[in-house]
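To start, the structure itself, in structure tokens.
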Amino acid sequence: MQPEMVLRWTARIWGVASTLLLMAFAFGGRENLHFTAATAFAFALFPCGVVAGFVIAWWRELVGGLITVSSLILFYLVLFSWSGRVPLGPYFLLFAAPGFIHMVSALMARRRALSAMTGRTPPLGSPA
């Protein structure tokens with residue numbers, strides 16, 4: 001089995017698990033979600049943007065990974081703008097980690113396809 005295929009399925013399974021756990025956190029309690037405009041924007045980034053990236057990655061792996069990672073980065077920037085600090089725990093990163101794995105898998109697949117077409121492997125620093 002090709003390494004990018006292993007990464008792809010690892011990211012997909014992890015993404016499904018992350019999605020289910022995030023949805024349980026967001027909607028599983030007895031309390032209702034009441035948002036201000038600012039918290040609604042943050043919620044749109046995490047978990048909604050992260051999960052949207054996971055869904056898109058099933059068909060467009062690089063695009064989905066970029067959406068997940070971008071949503072996470074923007075979420076961190078929003079939190080930083082509110083409090084002047086970034087959350088130190090690993091939990092947000094662990095939930096969004098499949099996005100990073102999707103990006104690596106897509107780039108590896110693109111590199112493999114390029115080397116199959118040209119008959120040579122491009123240098124590591126070159127765009128695939």
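We name chains A, B, ... following the order of the structure tokens; residues begin at 1 in each chain, and ligands are numbered from 1 as shown.
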*Give the alpha helix (DSSP H) residues of chain A, as DSSP finds them on the backbone, and put them as number ranges by chain.*
A: 3-27, 37-43, 50-57, 61-83, 91-118
*Which polymer residues have any atom within 9 Å of an atom of range 85-89 of chain A, counting only C-alpha atoms, with same-chain residues fewer than 6 positions away left out, as number ranges by chain?*
A: 76-77, 79
*Leaving out range 57-59 of chain A and any residue of its chain fewer than 4 positions from it, which residues lie within 12 Å of it when counting only C-alpha atoms, given as JSON, numbers by chain?*
{"A": [8, 9, 10, 11, 12, 13, 15, 16, 50, 51, 52, 53, 63, 64, 65, 66, 67, 68, 69, 98, 99, 100, 101, 102, 103, 104, 105, 106]}
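Here the question is which of A:Val55, A:Ala24, A:Glu4, A:Ser70 gets nearest to Arg111 in chain A using only C-alpha atoms, and that residue is A:Glu4.
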*Quick one, how far is CA of Phe27 in chain A from CA of Gly84 in chain A?*
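These two atoms are separated by 28.1 Å.
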